[in-house]
>>> print(open('upload_2.txt').read())   # compact mmCIF, N, CA and C atoms
# COMPACT_ATOMS: atom_id res chain seq x y z
N MET R 28 19.68 -160.63 31.80
CA MET R 28 19.80 -162.04 31.48
C MET R 28 20.83 -162.68 32.40
N ILE R 29 20.38 -163.57 33.25
CA ILE R 29 21.29 -164.25 34.17
C ILE R 29 21.38 -165.72 33.79
N PRO R 30 22.57 -166.17 33.42
CA PRO R 30 22.73 -167.58 33.05
C PRO R 30 22.52 -168.50 34.25
N THR R 31 22.01 -169.69 33.98
CA THR R 31 21.72 -170.63 35.07
C THR R 31 22.43 -171.96 34.87
N ASP R 32 23.56 -171.96 34.17
CA ASP R 32 24.34 -173.18 34.02
C ASP R 32 25.03 -173.52 35.33
N GLY R 33 25.51 -174.75 35.42
CA GLY R 33 26.19 -175.21 36.63
C GLY R 33 27.43 -174.40 36.95
N GLU R 34 28.18 -174.01 35.90
CA GLU R 34 29.39 -173.23 36.12
C GLU R 34 29.06 -171.86 36.69
N PHE R 35 27.97 -171.29 36.24
CA PHE R 35 27.59 -169.99 36.75
C PHE R 35 27.09 -170.09 38.19
N TYR R 36 26.44 -171.20 38.55
CA TYR R 36 26.05 -171.39 39.95
C TYR R 36 27.28 -171.41 40.85
N ILE R 37 28.34 -172.07 40.41
CA ILE R 37 29.58 -172.09 41.18
C ILE R 37 30.12 -170.67 41.32
N LEU R 38 30.08 -169.91 40.23
CA LEU R 38 30.55 -168.53 40.27
C LEU R 38 29.70 -167.69 41.22
N TYR R 39 28.39 -167.87 41.19
CA TYR R 39 27.50 -167.12 42.07
C TYR R 39 27.77 -167.44 43.54
N VAL R 40 28.02 -168.70 43.86
CA VAL R 40 28.33 -169.08 45.24
C VAL R 40 29.66 -168.47 45.67
N LEU R 41 30.65 -168.48 44.78
CA LEU R 41 31.93 -167.87 45.11
C LEU R 41 31.79 -166.37 45.35
N TYR R 42 31.00 -165.71 44.52
CA TYR R 42 30.75 -164.28 44.74
C TYR R 42 30.03 -164.04 46.06
N LEU R 43 29.08 -164.88 46.39
CA LEU R 43 28.37 -164.75 47.66
C LEU R 43 29.35 -164.87 48.83
N LEU R 44 30.25 -165.83 48.76
CA LEU R 44 31.24 -166.00 49.83
C LEU R 44 32.19 -164.81 49.92
N VAL R 45 32.67 -164.34 48.78
CA VAL R 45 33.61 -163.21 48.79
C VAL R 45 32.93 -161.94 49.28
N TYR R 46 31.71 -161.68 48.83
CA TYR R 46 31.02 -160.48 49.29
C TYR R 46 30.64 -160.56 50.76
N THR R 47 30.30 -161.75 51.24
CA THR R 47 30.04 -161.91 52.67
C THR R 47 31.30 -161.62 53.47
N TRP R 48 32.43 -162.16 53.01
CA TRP R 48 33.72 -161.91 53.66
C TRP R 48 34.04 -160.42 53.64
N GLY R 49 33.78 -159.76 52.52
CA GLY R 49 34.04 -158.34 52.40
C GLY R 49 33.14 -157.49 53.27
N ILE R 50 31.87 -157.84 53.37
CA ILE R 50 30.93 -157.08 54.21
C ILE R 50 31.31 -157.22 55.68
N ILE R 51 31.70 -158.42 56.08
CA ILE R 51 32.18 -158.59 57.46
C ILE R 51 33.43 -157.76 57.68
N GLY R 52 34.33 -157.72 56.68
CA GLY R 52 35.52 -156.90 56.79
C GLY R 52 35.20 -155.42 56.88
N ILE R 53 34.21 -154.98 56.12
CA ILE R 53 33.81 -153.58 56.17
C ILE R 53 33.24 -153.22 57.54
N LEU R 54 32.48 -154.12 58.12
CA LEU R 54 31.87 -153.84 59.42
C LEU R 54 32.87 -153.87 60.57
N LYS R 55 33.93 -154.67 60.45
CA LYS R 55 34.84 -154.87 61.58
C LYS R 55 36.09 -154.01 61.55
N ASN R 56 36.49 -153.46 60.42
CA ASN R 56 37.80 -152.82 60.32
C ASN R 56 37.75 -151.31 60.45
N ALA R 57 38.95 -150.74 60.44
CA ALA R 57 39.10 -149.29 60.60
C ALA R 57 38.58 -148.56 59.36
N PHE R 58 38.45 -147.25 59.51
CA PHE R 58 37.82 -146.43 58.48
C PHE R 58 38.58 -146.48 57.16
N LYS R 59 39.92 -146.43 57.21
CA LYS R 59 40.70 -146.42 55.98
C LYS R 59 40.52 -147.71 55.20
N LEU R 60 40.55 -148.84 55.88
CA LEU R 60 40.35 -150.12 55.22
C LEU R 60 38.92 -150.26 54.72
N LYS R 61 37.96 -149.69 55.43
CA LYS R 61 36.57 -149.71 54.97
C LYS R 61 36.43 -149.01 53.63
N ARG R 62 37.07 -147.85 53.50
CA ARG R 62 37.01 -147.12 52.24
C ARG R 62 37.63 -147.91 51.10
N ILE R 63 38.75 -148.58 51.36
CA ILE R 63 39.41 -149.38 50.34
C ILE R 63 38.52 -150.55 49.93
N LEU R 64 37.93 -151.23 50.90
CA LEU R 64 37.06 -152.37 50.59
C LEU R 64 35.81 -151.95 49.83
N ILE R 65 35.23 -150.84 50.23
CA ILE R 65 34.04 -150.33 49.52
C ILE R 65 34.41 -149.97 48.08
N PHE R 66 35.57 -149.38 47.88
CA PHE R 66 36.02 -149.04 46.53
C PHE R 66 36.21 -150.31 45.69
N ILE R 67 36.85 -151.33 46.25
CA ILE R 67 37.07 -152.58 45.54
C ILE R 67 35.74 -153.22 45.14
N PHE R 68 34.81 -153.29 46.07
CA PHE R 68 33.52 -153.91 45.79
C PHE R 68 32.69 -153.10 44.79
N THR R 69 32.79 -151.79 44.85
CA THR R 69 32.06 -150.96 43.90
C THR R 69 32.57 -151.18 42.48
N ILE R 70 33.88 -151.20 42.31
CA ILE R 70 34.45 -151.46 40.98
C ILE R 70 34.04 -152.83 40.49
N SER R 71 34.08 -153.83 41.37
CA SER R 71 33.69 -155.20 40.99
C SER R 71 32.23 -155.26 40.57
N LEU R 72 31.36 -154.62 41.32
CA LEU R 72 29.94 -154.62 40.96
C LEU R 72 29.68 -153.92 39.64
N ILE R 73 30.34 -152.80 39.41
CA ILE R 73 30.15 -152.07 38.15
C ILE R 73 30.60 -152.92 36.97
N LEU R 74 31.75 -153.56 37.08
CA LEU R 74 32.23 -154.40 35.98
C LEU R 74 31.32 -155.59 35.73
N ASN R 75 30.83 -156.22 36.79
CA ASN R 75 29.94 -157.35 36.61
C ASN R 75 28.58 -156.93 36.05
N LEU R 76 28.07 -155.80 36.49
CA LEU R 76 26.81 -155.31 35.92
C LEU R 76 26.96 -155.02 34.44
N TYR R 77 28.10 -154.46 34.05
CA TYR R 77 28.35 -154.20 32.64
C TYR R 77 28.37 -155.50 31.85
N LEU R 78 29.00 -156.54 32.41
CA LEU R 78 29.08 -157.82 31.70
C LEU R 78 27.73 -158.51 31.59
N PHE R 79 26.99 -158.58 32.69
CA PHE R 79 25.77 -159.36 32.72
C PHE R 79 24.55 -158.64 32.15
N CYS R 80 24.54 -157.32 32.14
CA CYS R 80 23.36 -156.60 31.67
C CYS R 80 23.31 -156.41 30.15
N ASN R 81 24.41 -156.63 29.49
CA ASN R 81 24.44 -156.45 28.04
C ASN R 81 24.12 -157.78 27.35
N PRO R 82 22.96 -157.91 26.71
CA PRO R 82 22.61 -159.19 26.07
C PRO R 82 23.51 -159.54 24.89
N GLU R 83 24.20 -158.57 24.32
CA GLU R 83 25.12 -158.85 23.22
C GLU R 83 26.29 -159.72 23.66
N ASN R 84 26.62 -159.67 24.94
CA ASN R 84 27.74 -160.46 25.45
C ASN R 84 27.45 -161.95 25.44
N PHE R 85 26.20 -162.35 25.37
CA PHE R 85 25.83 -163.76 25.45
C PHE R 85 25.56 -164.39 24.09
N LYS R 86 25.63 -163.62 23.03
CA LYS R 86 25.34 -164.15 21.70
C LYS R 86 26.55 -164.91 21.15
N GLY R 87 26.27 -165.98 20.43
CA GLY R 87 27.32 -166.73 19.75
C GLY R 87 28.30 -167.41 20.67
N GLY R 88 27.83 -167.98 21.76
CA GLY R 88 28.72 -168.68 22.69
C GLY R 88 29.49 -167.75 23.59
N GLY R 89 29.02 -166.54 23.75
CA GLY R 89 29.71 -165.55 24.57
C GLY R 89 29.61 -165.79 26.06
N SER R 90 28.78 -166.75 26.47
CA SER R 90 28.64 -166.98 27.91
C SER R 90 29.94 -167.51 28.52
N LEU R 91 30.74 -168.21 27.74
CA LEU R 91 32.04 -168.66 28.25
C LEU R 91 32.97 -167.48 28.48
N THR R 92 32.87 -166.49 27.62
CA THR R 92 33.66 -165.28 27.81
C THR R 92 33.23 -164.54 29.06
N ILE R 93 31.93 -164.47 29.28
CA ILE R 93 31.40 -163.83 30.49
C ILE R 93 31.86 -164.60 31.72
N LEU R 94 31.84 -165.91 31.66
CA LEU R 94 32.31 -166.74 32.77
C LEU R 94 33.78 -166.48 33.04
N PHE R 95 34.59 -166.39 31.99
CA PHE R 95 36.01 -166.13 32.15
C PHE R 95 36.26 -164.76 32.78
N TYR R 96 35.63 -163.72 32.23
CA TYR R 96 35.85 -162.37 32.76
C TYR R 96 35.32 -162.23 34.18
N SER R 97 34.21 -162.85 34.50
CA SER R 97 33.69 -162.79 35.86
C SER R 97 34.62 -163.49 36.83
N THR R 98 35.17 -164.61 36.42
CA THR R 98 36.13 -165.32 37.27
C THR R 98 37.39 -164.48 37.45
N PHE R 99 37.83 -163.82 36.39
CA PHE R 99 38.99 -162.94 36.49
C PHE R 99 38.72 -161.79 37.46
N ILE R 100 37.54 -161.19 37.38
CA ILE R 100 37.17 -160.11 38.30
C ILE R 100 37.12 -160.63 39.73
N LEU R 101 36.59 -161.84 39.92
CA LEU R 101 36.53 -162.44 41.26
C LEU R 101 37.93 -162.65 41.83
N ILE R 102 38.83 -163.17 41.02
CA ILE R 102 40.21 -163.40 41.48
C ILE R 102 40.88 -162.07 41.81
N PHE R 103 40.69 -161.07 40.96
CA PHE R 103 41.24 -159.75 41.25
C PHE R 103 40.67 -159.18 42.54
N ASN R 104 39.39 -159.40 42.77
CA ASN R 104 38.73 -158.93 43.98
C ASN R 104 39.35 -159.58 45.22
N VAL R 105 39.51 -160.89 45.19
CA VAL R 105 40.09 -161.61 46.33
C VAL R 105 41.53 -161.17 46.58
N LEU R 106 42.32 -161.06 45.51
CA LEU R 106 43.71 -160.63 45.68
C LEU R 106 43.80 -159.20 46.21
N SER R 107 42.90 -158.34 45.79
CA SER R 107 42.89 -156.96 46.30
C SER R 107 42.55 -156.92 47.78
N ILE R 108 41.60 -157.73 48.19
CA ILE R 108 41.22 -157.77 49.61
C ILE R 108 42.37 -158.31 50.45
N ILE R 109 42.99 -159.38 49.99
CA ILE R 109 44.11 -159.96 50.75
C ILE R 109 45.26 -158.97 50.84
N THR R 110 45.56 -158.28 49.75
CA THR R 110 46.62 -157.28 49.76
C THR R 110 46.28 -156.14 50.72
N SER R 111 45.04 -155.71 50.73
CA SER R 111 44.62 -154.64 51.64
C SER R 111 44.78 -155.06 53.09
N TYR R 112 44.39 -156.30 53.40
CA TYR R 112 44.56 -156.79 54.77
C TYR R 112 46.03 -156.89 55.16
N LEU R 113 46.88 -157.36 54.24
CA LEU R 113 48.30 -157.49 54.55
C LEU R 113 48.95 -156.15 54.79
N PHE R 114 48.63 -155.16 53.96
CA PHE R 114 49.21 -153.82 54.16
C PHE R 114 48.68 -153.20 55.44
N ARG R 115 47.44 -153.46 55.76
CA ARG R 115 46.86 -152.89 56.98
C ARG R 115 47.47 -153.54 58.23
N LYS R 116 47.78 -154.82 58.15
CA LYS R 116 48.38 -155.51 59.30
C LYS R 116 49.80 -155.05 59.55
N ASN R 117 50.53 -154.68 58.48
CA ASN R 117 51.91 -154.25 58.64
C ASN R 117 52.04 -152.84 59.16
N GLN R 118 50.96 -152.07 59.16
CA GLN R 118 51.04 -150.69 59.65
C GLN R 118 50.84 -150.61 61.13
>>> encode(input="upload_2.txt", output="structure tokens")
Amino acid sequence: MIPTDGEFYILYVLYLLVYTWGIIGILKNAFKLKRILIFIFTISLILNLYLFCNPENFKGGGSLTILFYSTFILIFNVLSIITSYLFRKNQ
């Protein structure tokens, strides 16, 4: 079940941008940073699949909770990528 509200479209576009940025980073960077980025994206995908694939999460107005948790995962994803790049640049 994939919600199609306007807020979720914004979230989907943000995820598309972040994953595009991450895939470019995976293709361009050194092996150690590639492993870190792949790990970050794998954890993010697993958490989002868990949220979106369970129909119980959407009952009783739960879509706002899904929107909140997905946004939280997105922010964590972006902060993890930025931190990885900063540590890699300092080495």
>>> residues_around(input="upload_2.txt", residues="segment 58-67 of chain R", least_positions_apart="2", cutoff="7 Å", atoms="all atoms listed in the file", output="list in words")
Gly49, Gly52, Ile53, Leu54, Asn56, Thr69, Ile70, Ser71, Leu72, Asn104, Ile108 and Ser111 of chain R
>>> select_by_dssp(input="upload_2.txt", residues="chain R", states="alpha helix (DSSP H)", output="NGL selection string")
:R and (33-55 or 58-80 or 90-117)
>>> atom_distance(input="upload_2.txt", atom1="atom N of Asn81 of chain R", atom2="atom N of Ile109 of chain R")
27.8 Å
>>> residues_around(input="upload_2.txt", residues="Asn84 of chain R", least_positions_apart="5", cutoff="12 Å", atoms="only C-alpha atoms", output="PyMOL selection string")
chain R and resi 28-30+75-79+89-94+96
>>> atom_distance(input="upload_2.txt", atom1="atom CA of Thr47 of chain R", atom2="atom N of Leu106 of chain R")
14.2 Å
>>> residues_around(input="upload_2.txt", residues="Leu38 of chain R", least_positions_apart="6", cutoff="8 Å", atoms="all atoms listed in the file", output="list in words")
Asp32, Leu44, Leu94, Ser97 and Thr98 of chain R
>>> closest_residue(input="upload_2.txt", among="R:Val40, R:Leu74, R:Ile51, R:Ala57", to="Phe103 of chain R", atoms="only C-alpha atoms")
R:Leu74
>>> atom_distance(input="upload_2.txt", atom1="atom CA of Phe99 of chain R", atom2="atom CA of Lys55 of chain R")
26.7 Å
